[in-house]
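Engineer: Contents of target.pdb (PDB, C-alpha atoms) are given next:
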ATOM      1  CA  MET A1299     156.400  70.758  84.887
ATOM      2  CA  PRO A1300     158.455  72.921  82.459
ATOM      3  CA  ASP A1301     161.845  74.058  83.726
ATOM      4  CA  ARG A1302     163.344  77.543  83.526
ATOM      5  CA  ARG A1303     165.067  76.891  80.178
ATOM      6  CA  GLU A1304     161.803  75.905  78.505
ATOM      7  CA  ILE A1305     160.020  78.978  79.895
ATOM      8  CA  LYS A1306     162.815  81.263  78.745
ATOM      9  CA  HIS A1307     162.850  79.677  75.288
ATOM     10  CA  ALA A1308     159.078  80.146  74.932
ATOM     11  CA  TYR A1309     159.326  83.799  76.074
ATOM     12  CA  LEU A1310     162.112  84.573  73.582
ATOM     13  CA  LYS A1311     160.168  82.909  70.754
ATOM     14  CA  ALA A1312     157.039  84.939  71.546
ATOM     15  CA  SER A1313     159.081  88.160  71.683
ATOM     16  CA  ARG A1314     160.635  87.424  68.268
ATOM     17  CA  ASP A1315     157.232  86.637  66.729
ATOM     18  CA  LEU A1316     155.780  89.906  68.070
ATOM     19  CA  LYS A1317     158.745  91.913  66.848
ATOM     20  CA  ASP A1318     158.544  90.348  63.397
ATOM     21  CA  PHE A1319     154.822  91.186  63.230
ATOM     22  CA  LEU A1320     155.313  94.819  64.281
ATOM     23  CA  LEU A1321     158.047  95.286  61.675
ATOM     24  CA  SER A1322     156.135  93.553  58.926
ATOM     25  CA  ARG A1323     154.343  95.300  56.066
ATOM     26  CA  GLN A1324     150.946  93.979  57.176
ATOM     27  CA  SER A1325     151.443  95.531  60.611
ATOM     28  CA  ARG A1326     152.284  98.951  59.203
ATOM     29  CA  GLU A1327     149.232  98.868  56.934
ATOM     30  CA  PHE A1328     146.981  97.852  59.861
ATOM     31  CA  PHE A1329     148.138 100.666  62.153
ATOM     32  CA  LEU A1330     147.921 103.178  59.313
ATOM     33  CA  PHE A1331     144.308 102.105  58.771
ATOM     34  CA  LEU A1332     143.519 102.577  62.480
ATOM     35  CA  PHE A1333     145.100 106.071  62.429
ATOM     36  CA  PHE A1334     142.990 107.289  59.492
ATOM     37  CA  LEU A1335     139.875 105.680  61.038
ATOM     38  CA  PHE A1336     140.482 107.598  64.273
ATOM     39  CA  VAL A1337     141.001 110.889  62.385
ATOM     40  CA  ALA A1338     137.811 110.363  60.337
ATOM     41  CA  ALA A1339     135.792 109.499  63.449
ATOM     42  CA  SER A1340     137.106 112.597  65.240
ATOM     43  CA  PHE A1341     136.118 114.891  62.361
ATOM     44  CA  TRP A1342     132.673 113.261  62.206
ATOM     45  CA  LEU A1343     132.163 113.672  65.965
ATOM     46  CA  ILE A1344     133.234 117.323  65.930
ATOM     47  CA  GLN A1345     130.934 118.083  63.004
ATOM     48  CA  THR A1346     128.036 116.199  64.620
ATOM     49  CA  LEU A1347     128.407 117.915  68.004
ATOM     50  CA  ASP A1348     128.431 121.289  66.271
ATOM     51  CA  ASN A1349     124.780 120.807  65.280
ATOM     52  CA  GLU A1350     121.849 121.749  67.529
ATOM     53  CA  TYR A1351     119.971 119.089  69.501
ATOM     54  CA  GLU A1352     117.422 118.770  72.290
ATOM     55  CA  THR A1353     117.768 116.801  75.491
ATOM     56  CA  ASP A1354     116.548 116.538  79.105
ATOM     57  CA  ILE A1355     118.713 117.483  82.053
ATOM     58  CA  THR A1356     117.861 116.761  85.671
ATOM     59  CA  ILE A1357     118.155 119.365  88.433
ATOM     60  CA  PRO A1358     117.637 118.210  92.058
ATOM     61  CA  VAL A1359     115.054 119.813  94.368
ATOM     62  CA  ARG A1360     115.508 120.302  98.133
ATOM     63  CA  LEU A1361     113.122 121.464 100.868
ATOM     64  CA  LYS A1362     114.997 123.338 103.608
ATOM     65  CA  SER A1363     114.333 125.148 106.894
ATOM     66  CA  VAL A1364     111.586 122.725 108.027
ATOM     67  CA  PRO A1365     110.653 123.516 111.689
ATOM     68  CA  GLU A1366     111.037 120.718 114.257
ATOM     69  CA  ASN A1367     107.311 120.703 115.095
ATOM     70  CA  VAL A1368     106.321 120.116 111.454
ATOM     71  CA  VAL A1369     105.844 116.746 109.753
ATOM     72  CA  VAL A1370     106.089 116.919 105.959
ATOM     73  CA  THR A1371     103.408 114.433 104.907
ATOM     74  CA  SER A1372     104.101 114.638 101.183
ATOM     75  CA  GLU A1373     107.562 115.687  99.971
ATOM     76  CA  PRO A1374     108.053 117.769  96.827
ATOM     77  CA  VAL A1375     109.504 115.924  93.835
ATOM     78  CA  SER A1376     113.191 115.098  94.257
ATOM     79  CA  SER A1377     114.111 116.641  90.877
ATOM     80  CA  VAL A1378     112.771 118.462  87.845
ATOM     81  CA  LYS A1379     113.429 117.631  84.198
ATOM     82  CA  VAL A1380     114.455 120.612  82.059
ATOM     83  CA  HIS A1381     114.084 120.151  78.301
ATOM     84  CA  VAL A1382     116.748 122.281  76.556
ATOM     85  CA  ARG A1383     118.114 122.987  73.068
ATOM     86  CA  ASP A1384     121.732 123.863  72.185
ATOM     87  CA  LYS A1385     124.796 122.621  70.330
ATOM     88  CA  GLY A1386     125.787 119.021  70.934
ATOM     89  CA  THR A1387     129.074 119.943  72.642
ATOM     90  CA  LEU A1388     127.251 121.847  75.421
ATOM     91  CA  LEU A1389     124.513 119.238  75.779
ATOM     92  CA  PHE A1390     127.152 116.529  76.084
ATOM     93  CA  ASN A1391     128.757 118.504  78.908
ATOM     94  CA  TYR A1392     125.373 118.921  80.673
ATOM     95  CA  ARG A1393     124.654 115.208  80.500
ATOM     96  CA  MET A1394     128.092 113.846  81.319
ATOM     97  CA  GLY A1395     130.134 116.346  83.261
ATOM     98  CA  LYS A1396     128.164 119.164  84.889
ATOM     99  CA  VAL A1397     126.833 118.888  88.460
ATOM    100  CA  PHE A1398     123.749 121.077  88.945
ATOM    101  CA  THR A1399     123.013 122.993  92.142
ATOM    102  CA  PRO A1400     119.676 121.961  93.746
ATOM    103  CA  LEU A1401     116.612 124.207  93.585
ATOM    104  CA  ASN A1402     116.109 125.049  97.266
ATOM    105  CA  ILE A1403     112.536 125.537  98.508
ATOM    106  CA  ASP A1404     112.420 127.587 101.693
ATOM    107  CA  PHE A1405     109.667 126.101 103.881
ATOM    108  CA  MET A1406     109.005 129.472 105.526
ATOM    109  CA  THR A1407     107.823 130.979 102.223
ATOM    110  CA  GLY A1408     104.764 128.680 102.060
ATOM    111  CA  GLU A1409     101.311 129.328 103.499
ATOM    112  CA  GLY A1410      98.720 126.732 104.526
ATOM    113  CA  SER A1411      99.181 122.976 104.835
ATOM    114  CA  HIS A1412      99.247 122.522 101.042
ATOM    115  CA  VAL A1413     101.964 124.622  99.414
ATOM    116  CA  GLN A1414     102.252 125.071  95.626
ATOM    117  CA  ILE A1415     105.126 126.945  94.011
ATOM    118  CA  PRO A1416     105.324 127.438  90.211
ATOM    119  CA  VAL A1417     108.642 126.373  88.716
ATOM    120  CA  SER A1418     108.770 129.755  86.991
ATOM    121  CA  ALA A1419     109.784 131.135  90.394
ATOM    122  CA  PHE A1420     113.067 129.233  89.938
ATOM    123  CA  SER A1421     113.697 130.285  86.312
ATOM    124  CA  ARG A1422     116.679 132.435  87.309
ATOM    125  CA  ALA A1423     118.165 129.611  89.395
ATOM    126  CA  ILE A1424     117.815 127.263  86.421
ATOM    127  CA  SER A1425     119.060 129.564  83.640
ATOM    128  CA  GLY A1426     121.972 130.719  85.832
ATOM    129  CA  GLN A1427     123.411 127.202  85.638
ATOM    130  CA  LEU A1428     123.141 127.013  81.839
ATOM    131  CA  SER A1429     125.072 128.643  79.023
ATOM    132  CA  SER A1430     123.625 131.866  77.624
ATOM    133  CA  SER A1431     123.100 130.087  74.296
ATOM    134  CA  THR A1432     121.011 127.313  75.830
ATOM    135  CA  GLN A1433     117.282 127.616  75.250
ATOM    136  CA  VAL A1434     114.920 126.224  77.914
ATOM    137  CA  ILE A1435     111.910 124.687  76.154
ATOM    138  CA  SER A1436     109.962 123.245  79.104
ATOM    139  CA  VAL A1437     110.240 122.196  82.748
ATOM    140  CA  ASN A1438     108.444 119.155  84.178
ATOM    141  CA  PRO A1439     106.668 119.312  86.551
ATOM    142  CA  ASP A1440     105.657 122.929  86.185
ATOM    143  CA  THR A1441     104.621 123.218  89.868
ATOM    144  CA  LEU A1442     106.426 122.128  93.027
ATOM    145  CA  GLU A1443     104.072 121.185  95.867
ATOM    146  CA  TYR A1444     104.191 119.637  99.308
ATOM    147  CA  PHE A1445     101.863 118.949 102.242
ATOM    148  CA  TYR A1446     102.647 119.212 105.922
ATOM    149  CA  SER A1447     101.074 118.771 109.334
ATOM    150  CA  THR A1448     101.840 120.680 112.502
ATOM    151  CA  GLY A1449     101.585 117.589 114.696
ATOM    152  CA  GLN A1450      98.010 116.436 114.017
ATOM    153  CA  SER A1451      97.945 112.621 113.993
ATOM    154  CA  LYS A1452      95.929 109.586 115.056
ATOM    155  CA  MET A1453      96.168 105.791 115.103
ATOM    156  CA  VAL A1454      94.119 103.826 112.547
ATOM    157  CA  PRO A1455      93.802 100.070 111.933
ATOM    158  CA  VAL A1456      95.488  98.360 108.986
ATOM    159  CA  ARG A1457      93.082  96.731 106.530
ATOM    160  CA  PHE A1458      93.454  94.132 103.770
ATOM    161  CA  GLN A1459      92.752  95.162 100.171
ATOM    162  CA  GLY A1460      92.777  92.744  97.264
ATOM    163  CA  LEU A1461      92.004  89.060  96.760
ATOM    164  CA  ALA A1462      93.032  86.079  98.903
ATOM    165  CA  SER A1463      91.849  82.514  98.378
ATOM    166  CA  ALA A1464      92.965  79.136  99.698
ATOM    167  CA  GLY A1465      93.792  76.011  97.711
ATOM    168  CA  SER A1466      91.677  72.880  97.407
ATOM    169  CA  ARG A1467      90.277  71.576 100.746
ATOM    170  CA  HIS A1468      91.818  74.565 102.558
ATOM    171  CA  TYR A1469      90.383  77.826 103.839
ATOM    172  CA  LEU A1470      91.658  81.112 105.232
ATOM    173  CA  SER A1471      91.255  80.937 108.988
ATOM    174  CA  ASP A1472      92.588  84.406 109.826
ATOM    175  CA  THR A1473      94.083  87.591 108.379
ATOM    176  CA  LEU A1474      96.549  89.427 110.611
ATOM    177  CA  PHE A1475      98.764  92.502 110.298
ATOM    178  CA  THR A1476     101.890  93.283 112.327
ATOM    179  CA  PRO A1477     101.652  96.052 113.365
ATOM    180  CA  ASP A1478      97.859  96.049 113.190
ATOM    181  CA  SER A1479      97.629  99.856 113.396
ATOM    182  CA  VAL A1480      99.742 102.801 112.225
ATOM    183  CA  LYS A1481     100.015 106.492 112.984
ATOM    184  CA  VAL A1482      98.636 108.858 110.360
ATOM    185  CA  TYR A1483      99.865 112.429 109.870
ATOM    186  CA  ALA A1484      97.848 114.742 107.648
ATOM    187  CA  PRO A1485      96.333 118.238 107.539
ATOM    188  CA  LEU A1486      93.420 118.344 109.973
ATOM    189  CA  ALA A1487      90.732 118.515 107.264
ATOM    190  CA  VAL A1488      92.142 115.351 105.643
ATOM    191  CA  LEU A1489      92.896 113.572 108.924
ATOM    192  CA  ASP A1490      89.237 113.645 110.000
ATOM    193  CA  THR A1491      88.230 111.606 106.921
ATOM    194  CA  ILE A1492      90.706 108.737 107.426
ATOM    195  CA  ARG A1493      89.317 105.626 109.142
ATOM    196  CA  ALA A1494      91.884 102.964 108.173
ATOM    197  CA  ALA A1495      95.188 102.393 106.385
ATOM    198  CA  TYR A1496      94.789 100.018 103.439
ATOM    199  CA  MET A1497      97.553  97.927 101.951
ATOM    200  CA  GLU A1498      98.427  98.264  98.273
ATOM    201  CA  PRO A1499      96.014  95.956  96.377
ATOM    202  CA  ALA A1500      97.444  92.456  95.950
ATOM    203  CA  GLU A1501      96.266  89.012  94.866
ATOM    204  CA  PHE A1502      97.077  85.753  96.657
ATOM    205  CA  THR A1503      95.427  82.602  95.256
ATOM    206  CA  GLY A1504      95.759  78.879  95.846
ATOM    207  CA  ILE A1505      97.331  79.295  99.299
ATOM    208  CA  ASP A1506      97.866  75.936 101.024
ATOM    209  CA  ASP A1507     100.164  77.053 103.846
ATOM    210  CA  THR A1508     100.444  80.067 106.135
ATOM    211  CA  LEU A1509     101.715  83.053 104.129
ATOM    212  CA  ARG A1510     103.730  85.953 105.550
ATOM    213  CA  LYS A1511     104.588  88.939 103.385
ATOM    214  CA  GLU A1512     105.659  92.529 104.000
ATOM    215  CA  VAL A1513     103.206  94.836 102.243
ATOM    216  CA  ARG A1514     103.308  98.556 101.549
ATOM    217  CA  LEU A1515     100.466 100.678 102.861
ATOM    218  CA  ARG A1516      98.729 103.079 100.494
ATOM    219  CA  ALA A1517      98.882 106.756 101.396
ATOM    220  CA  ASP A1518      96.896 109.415  99.555
ATOM    221  CA  ARG A1519      98.357 112.792  98.625
ATOM    222  CA  GLY A1520      99.178 114.806 101.709
ATOM    223  CA  VAL A1521      99.108 111.766 104.034
ATOM    224  CA  LYS A1522     102.078 110.204 105.823
ATOM    225  CA  LEU A1523     101.921 106.769 107.487
ATOM    226  CA  VAL A1524     104.328 105.646 110.210
ATOM    227  CA  PRO A1525     105.374 102.951 109.562
ATOM    228  CA  GLU A1526     104.760 102.737 105.820
ATOM    229  CA  THR A1527     104.729  98.922 105.732
ATOM    230  CA  SER A1528     103.175  96.056 107.691
ATOM    231  CA  THR A1529     103.638  92.283 107.736
ATOM    232  CA  LEU A1530     100.583  90.446 106.405
ATOM    233  CA  THR A1531      99.909  86.945 107.739
ATOM    234  CA  LEU A1532      97.309  84.790 105.994
ATOM    235  CA  SER A1533      96.636  81.746 108.194
ATOM    236  CA  VAL A1534      95.469  78.641 106.336
ATOM    237  CA  ASP A1535      93.756  75.559 107.746
ATOM    238  CA  MET A1536      92.608  72.280 106.154
ATOM    239  CA  TYR A1537      88.955  71.258 106.007
ATOM    240  CA  THR A1538      87.766  68.091 107.692
ATOM    241  CA  GLU A1539      84.327  66.628 108.457
ATOM    242  CA  LYS A1540      82.742  65.762 111.779
ATOM    243  CA  THR A1541      79.350  64.377 112.869
ATOM    244  CA  VAL A1542      77.615  65.030 116.197
ATOM    245  CA  GLU A1543      74.249  63.956 117.657
ATOM    246  CA  VAL A1544      72.080  66.898 118.801
ATOM    247  CA  GLU A1545      68.790  66.780 120.720
ATOM    248  CA  LEU A1546      65.770  68.853 119.735
ATOM    249  CA  HIS A1547      64.576  71.239 122.467
ATOM    250  CA  GLY A1548      61.135  72.816 122.613
ATOM    251  CA  ILE A1549      60.871  76.507 123.523
ATOM    252  CA  ASN A1550      57.905  78.703 124.503
ATOM    253  CA  PHE A1551      55.854  75.610 125.447
ATOM    254  CA  PRO A1552      53.050  76.063 128.058
ATOM    255  CA  PRO A1553      53.786  74.479 131.459
ATOM    256  CA  ASP A1554      51.379  71.588 130.782
ATOM    257  CA  LYS A1555      52.794  70.691 127.358
ATOM    258  CA  GLN A1556      56.061  69.255 126.122
ATOM    259  CA  LEU A1557      57.717  68.281 122.855
ATOM    260  CA  ARG A1558      58.109  64.696 121.698
ATOM    261  CA  SER A1559      60.098  64.301 118.475
ATOM    262  CA  PHE A1560      60.763  61.183 116.432
ATOM    263  CA  PRO A1561      63.694  60.746 116.421
ATOM    264  CA  SER A1562      64.659  62.757 119.477
ATOM    265  CA  LYS A1563      68.162  63.420 118.125
ATOM    266  CA  VAL A1564      69.461  64.571 114.729
ATOM    267  CA  SER A1565      72.875  63.790 113.220
ATOM    268  CA  ILE A1566      74.646  66.974 112.146
ATOM    269  CA  THR A1567      77.575  66.594 109.720
ATOM    270  CA  PHE A1568      79.665  69.681 109.005
ATOM    271  CA  GLN A1569      82.993  70.921 107.701
ATOM    272  CA  CYS A1570      85.488  72.652 109.982
ATOM    273  CA  GLY A1571      89.172  73.353 110.222
ATOM    274  CA  LEU A1572      91.493  70.595 111.350
ATOM    275  CA  SER A1573      92.522  72.769 114.303
ATOM    276  CA  GLN A1574      88.858  72.976 115.439
ATOM    277  CA  PHE A1575      88.054  69.266 115.156
ATOM    278  CA  ASN A1576      88.572  68.438 118.836
ATOM    279  CA  GLU A1577      87.070  71.713 120.079
ATOM    280  CA  LEU A1578      83.649  71.417 118.434
ATOM    281  CA  ASN A1579      81.064  69.066 119.984
ATOM    282  CA  ALA A1580      77.291  68.611 120.264
ATOM    283  CA  GLU A1581      76.970  71.377 122.896
ATOM    284  CA  ASP A1582      77.992  73.950 120.271
ATOM    285  CA  PHE A1583      74.876  73.232 118.166
ATOM    286  CA  HIS A1584      71.336  74.108 119.218
ATOM    287  CA  ILE A1585      68.091  73.013 117.575
ATOM    288  CA  PHE A1586      65.247  74.911 119.241
ATOM    289  CA  VAL A1587      61.691  74.111 118.149
ATOM    290  CA  SER A1588      59.152  76.866 118.831
ATOM    291  CA  TYR A1589      55.691  75.929 120.132
ATOM    292  CA  GLU A1590      54.117  78.569 117.885
ATOM    293  CA  ASP A1591      55.861  77.143 114.782
ATOM    294  CA  LEU A1592      54.582  73.645 115.534
ATOM    295  CA  LEU A1593      50.992  74.885 115.873
ATOM    296  CA  LYS A1594      51.229  76.390 112.384
ATOM    297  CA  LEU A1595      52.536  73.109 110.912
ATOM    298  CA  GLY A1596      49.614  71.002 112.101
ATOM    299  CA  ASN A1597      50.181  67.424 110.892
ATOM    300  CA  GLN A1598      53.203  68.286 108.713
ATOM    301  CA  LYS A1599      56.771  67.300 109.608
ATOM    302  CA  TYR A1600      59.159  69.783 111.167
ATOM    303  CA  THR A1601      62.135  70.800 108.958
ATOM    304  CA  VAL A1602      65.310  70.831 111.062
ATOM    305  CA  ARG A1603      67.323  74.053 111.223
ATOM    306  CA  LEU A1604      69.987  75.481 113.479
ATOM    307  CA  ARG A1605      69.389  78.515 115.607
ATOM    308  CA  ASN A1606      72.983  79.625 114.961
ATOM    309  CA  THR A1607      76.111  78.180 113.329
ATOM    310  CA  PRO A1608      79.400  78.096 115.298
ATOM    311  CA  LYS A1609      82.245  80.161 113.887
ATOM    312  CA  GLY A1610      84.378  78.282 111.362
ATOM    313  CA  VAL A1611      81.652  75.737 110.559
ATOM    314  CA  SER A1612      80.331  75.337 107.005
ATOM    315  CA  ASN A1613      78.473  72.917 104.722
ATOM    316  CA  VAL A1614      76.078  71.772 107.479
ATOM    317  CA  ARG A1615      73.888  68.747 106.711
ATOM    318  CA  PHE A1616      71.119  67.092 108.796
ATOM    319  CA  ASN A1617      70.045  63.446 109.008
ATOM    320  CA  PRO A1618      67.128  63.281 108.959
ATOM    321  CA  THR A1619      66.224  66.671 107.507
ATOM    322  CA  GLN A1620      62.635  66.406 108.819
ATOM    323  CA  VAL A1621      61.207  64.866 111.991
ATOM    324  CA  ASP A1622      57.791  63.849 113.211
ATOM    325  CA  PHE A1623      56.628  65.540 116.377
ATOM    326  CA  LEU A1624      53.947  65.330 119.030
ATOM    327  CA  ILE A1625      52.812  68.020 121.461
ATOM    328  CA  GLU A1626      52.208  65.982 124.593
ATOM    329  CA  HIS A1627      49.860  67.149 127.318
ATOM    330  CA  THR A1628      51.268  66.660 130.856
ATOM    331  CA  GLU A1629      48.906  66.481 133.848
ATOM    332  CA  ASP A1630      49.545  68.890 136.711
ATOM    333  CA  ASP A1631      49.867  66.920 139.987
ATOM    334  CA  GLY A1632      48.778  70.008 141.946
ATOM    335  CA  ASN A1633      52.079  70.436 143.808
ATOM    336  CA  ASP A1634      53.881  73.726 143.432
TER     337      ASP A1634
END
Before we go any further, please render this structure as C-alpha cells.
Structural biologist:
Amino acid sequence: MPDRREIKHAYLKASRDLKDFLLSRQSREFFLFLFFLFVAASFWLIQTLDNEYETDITIPVRLKSVPENVVVTSEPVSSVKVHVRDKGTLLFNYRMGKVFTPLNIDFMTGEGSHVQIPVSAFSRAISGQLSSSTQVISVNPDTLEYFYSTGQSKMVPVRFQGLASAGSRHYLSDTLFTPDSVKVYAPLAVLDTIRAAYMEPAEFTGIDDTLRKEVRLRADRGVKLVPETSTLTLSVDMYTEKTVEVELHGINFPPDKQLRSFPSKVSITFQCGLSQFNELNAEDFHIFVSYEDLLKLGNQKYTVRLRNTPKGVSNVRFNPTQVDFLIEHTEDDGND
C-alpha cells in the first residue's frame, strides 16, 4: 500500500503535468479553436431560429363540475394537438419552457348523454396562450366529446374472445373468469343492447399447464366497465384412455318379449381427462336398443351406439361394433 509520501509525489507530478499542458502552445491553440467553434455555432443557431417553422404543441383538456350522481362512461381526450407556425425562437419556447393552461369543459354546458363540443369553441382559450405572431394551422381532434350515465347500470357476465388450444395429449377442461361478471354503465339506449363483457381478443396455443392471466375487457364508445379487467384461468388436463363393459338394454319391448344379444356386453374404450379417470365407470354409459329399430333390421346385425356421451368423454370406440340379436318370446304364467 503506497504511503503518504508516494501519494503526495504523484499528486505534485500530476499538477505539474497539467500546468505545463495549460501553458503550452498546443493548449492555447486548442482552447482558441473551441472558442471560435462556440461563436460560430451560436451565430448559426440564432440565424436558424430566426426562420419560420411548424410544430405541434400539446394543450391538456379537463372535464370539470361533474355532478356526484353522474358516471362519465367515456372521458374526453386528455389533450389536443395544436399545429402552429412561427419563428424558431418562439416554437422552441413552446416546446421546452411554456406550461399551457388546460382547456376546461364545463359539464353543465352539455345536453344529452352524448356531448360533442367543437374545438373552435376554445379558439380564444388557445390563441390567448400563444404569441400574436403565432399562426394556428389546425387542431386535432377537432371535436371534444364524452358520454355519461345518470346511474343506469347492470351486471353482465364476462366472456372469452379469441383462440385457446391445448398442447399434445392435453385438452382445455374449463375456462373461468375472476370476477365472472362486471357492472356496466352506459346511456340507457346503449345499456339495453349489452349482454356480456368480452375480453380483448387474445391467442393462447400449445397450453400444457393451467394458465392464469389478467386480461383487459373491451368497452365500446360510451360504455364503462367496473372493473375493467378480469383474471382468466384456462384449466388444462391430460388425456388418458379407459375401457368399460356395458350391457345392452332393450326398450319399448312388449311384456311378452325380451332382448337377447350376442354378446350381451360391449367393450367401450374412450378418452377422458386424467382427473376423470376414477370417476367414470360403466354406469355412466347407456346402450338402449329400441324394439321398433330391431323390427326394421330383420336379420341384419345391430350397430352399437350410445344414447348419450358423458361430459368430458371423446374418441369413443366399441368392440364389437355390431352384435347379433334375438327377440325372445316369453310365456305368460297367468299370474299378475
Engineer: Restricting the calculation to all atoms listed in the file: of A:Val1621, A:Ile1549, A:Ala1464, A:Phe1616, which residue gets closest to A:Thr1503?
Structural biologist: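 Going through A:Val1621, A:Ile1549, A:Ala1464, A:Phe1616 one by one, the smallest distance to A:Thr1503 is for A:Ala1464.
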Engineer: For A:Thr1619, find every residue with an atom within 10 Å (counting all atoms listed in the file), except residues of its own chain fewer than 4 positions away, and show them as a ChimeraX atom specification.
Structural biologist: /A:1564-1566,1599-1603,1615
Engineer: Could you state the separation of atom CA of A:Thr1538 and atom CA of A:Ser1562 in Å, given to one decimal place?
Structural biologist: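 Atom CA of A:Ser1562 lies at a distance of 26.5 Å from atom CA of A:Thr1538.
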Engineer: Could you write out as a VMD selection string the residues that the PyMOL selection byres ((chain A and resi 1398-1413) around 6) matches in the shown file?
Structural biologist: chain A and resid 1357 to 1364 1397 1414 1443 to 1446
Engineer: Mind checking which residues fall within 9 Å of A:Ser1479, counting all atoms listed in the file, ignoring those fewer than 3 positions away in the same chain, and posting them as a list in words?
Structural biologist: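 The neighbour list is Met1453, Val1454, Pro1455, Val1456, Arg1457, Phe1475, Thr1476, Ala1494, Ala1495 and Ser1528 of chain A.
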Engineer: One decimal, in Å: what's the spacing between atom CA of A:Met1497 and atom CA of A:Gly1465?
Structural biologist: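 Taking atom CA of A:Met1497 as the start and atom CA of A:Gly1465 as the end point, the length is 22.6 Å.
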Engineer: In terms of the shortest atom-to-atom distance over only C-alpha atoms, which of A:Thr1508, A:Thr1432, A:Leu1592, A:Tyr1496 is closest to A:Gly1548?
Structural biologist: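 That would be A:Leu1592, the residue with the smallest distance to A:Gly1548.
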Engineer: Could you list the residues chosen by the PyMOL selection byres ((chain A and resi 1485) around 10) in this structure as an MDAnalysis selection string?
Structural biologist: chainID A and resid 1369:1371 1410:1412 1445:1451 1483:1484 1486:1490 1520:1521
Engineer: Apply the PyMOL selection byres ((chain A and resi 1514) around 9) to the file shown and report the selected residues as a ChimeraX atom specification.
Structural biologist: /A:1496-1498,1512-1513,1515-1516,1526-1529
Engineer: Between atom CA of A:Phe1623 and atom CA of A:Asn1550, what is the spacing in Å?
Structural biologist: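 Interatomic distance here is 15.5 Å.
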Engineer: Can you find the residues with an atom no farther than 12 Å from (83.4, 81.0, 110.8), counting all atoms listed in the file, and report them as a list in words?
Structural biologist: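 I get Tyr1469, Leu1470, Ser1471, Asp1472, Gln1569, Cys1570, Gly1571, Gln1574, Asn1606, Thr1607, Pro1608, Lys1609, Gly1610, Val1611, Ser1612 and Asn1613 of chain A for the residues within 12 Å of that point.
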Engineer: Can you work out which one of A:Asn1391, A:Asn1349, A:Ser1559, A:Thr1541 has the shortest atom-to-atom distance to A:Asn1579, counting only C-alpha atoms?
Structural biologist: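 Among the listed residues, the smallest separation from A:Asn1579 belongs to A:Thr1541.
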Engineer: Using only C-alpha atoms, which residue out of A:Pro1499, A:Pro1439, A:Pro1365, A:Gly1504 lies closest to A:Arg1467?
Structural biologist: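 Answer, going by the shortest atom-to-atom distance: A:Gly1504.
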Engineer: Any chance you could build stretch 1380-1391 of chain A out to N, CA, C and O atoms and write it as an mmCIF file, in the coordinates of the input?
Structural biologist:
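And here is the file that came out, selection17.cif:
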data_model
loop_
_atom_site.group_PDB
_atom_site.id
_atom_site.type_symbol
_atom_site.label_atom_id
_atom_site.label_comp_id
_atom_site.auth_asym_id
_atom_site.auth_seq_id
_atom_site.Cartn_x
_atom_site.Cartn_y
_atom_site.Cartn_z
ATOM 1 N N VAL A 1380 114.427 119.401 82.877
ATOM 2 C CA VAL A 1380 114.455 120.612 82.059
ATOM 3 C C VAL A 1380 114.788 120.209 80.630
ATOM 4 O O VAL A 1380 115.854 119.630 80.374
ATOM 5 N N HIS A 1381 113.876 120.474 79.721
ATOM 6 C CA HIS A 1381 114.084 120.151 78.301
ATOM 7 C C HIS A 1381 114.746 121.370 77.639
ATOM 8 O O HIS A 1381 114.186 122.471 77.637
ATOM 9 N N VAL A 1382 115.954 121.161 77.093
ATOM 10 C CA VAL A 1382 116.748 122.281 76.556
ATOM 11 C C VAL A 1382 117.188 121.983 75.130
ATOM 12 O O VAL A 1382 117.193 120.838 74.676
ATOM 13 N N ARG A 1383 117.573 123.085 74.423
ATOM 14 C CA ARG A 1383 118.114 122.987 73.068
ATOM 15 C C ARG A 1383 119.407 123.784 72.991
ATOM 16 O O ARG A 1383 119.481 124.927 73.446
ATOM 17 N N ASP A 1384 120.451 123.162 72.387
ATOM 18 C CA ASP A 1384 121.732 123.863 72.185
ATOM 19 C C ASP A 1384 122.620 122.970 71.329
ATOM 20 O O ASP A 1384 122.215 121.892 70.905
ATOM 21 N N LYS A 1385 123.852 123.423 71.106
ATOM 22 C CA LYS A 1385 124.796 122.621 70.330
ATOM 23 C C LYS A 1385 125.159 121.352 71.101
ATOM 24 O O LYS A 1385 125.150 121.317 72.323
ATOM 25 N N GLY A 1386 125.507 120.315 70.340
ATOM 26 C CA GLY A 1386 125.787 119.021 70.934
ATOM 27 C C GLY A 1386 126.915 119.046 71.946
ATOM 28 O O GLY A 1386 126.900 118.300 72.926
ATOM 29 N N THR A 1387 127.937 119.906 71.716
ATOM 30 C CA THR A 1387 129.074 119.943 72.642
ATOM 31 C C THR A 1387 128.626 120.376 74.041
ATOM 32 O O THR A 1387 129.054 119.795 75.047
ATOM 33 N N LEU A 1388 127.738 121.380 74.123
ATOM 34 C CA LEU A 1388 127.251 121.847 75.421
ATOM 35 C C LEU A 1388 126.316 120.818 76.058
ATOM 36 O O LEU A 1388 126.383 120.556 77.266
ATOM 37 N N LEU A 1389 125.440 120.235 75.243
ATOM 38 C CA LEU A 1389 124.513 119.238 75.779
ATOM 39 C C LEU A 1389 125.264 118.023 76.311
ATOM 40 O O LEU A 1389 124.886 117.433 77.329
ATOM 41 N N PHE A 1390 126.334 117.653 75.620
ATOM 42 C CA PHE A 1390 127.152 116.529 76.084
ATOM 43 C C PHE A 1390 127.759 116.845 77.449
ATOM 44 O O PHE A 1390 127.823 115.993 78.339
ATOM 45 N N ASN A 1391 128.178 118.082 77.623
ATOM 46 C CA ASN A 1391 128.757 118.504 78.908
ATOM 47 C C ASN A 1391 127.696 118.488 80.011
ATOM 48 O O ASN A 1391 127.963 118.058 81.142
#
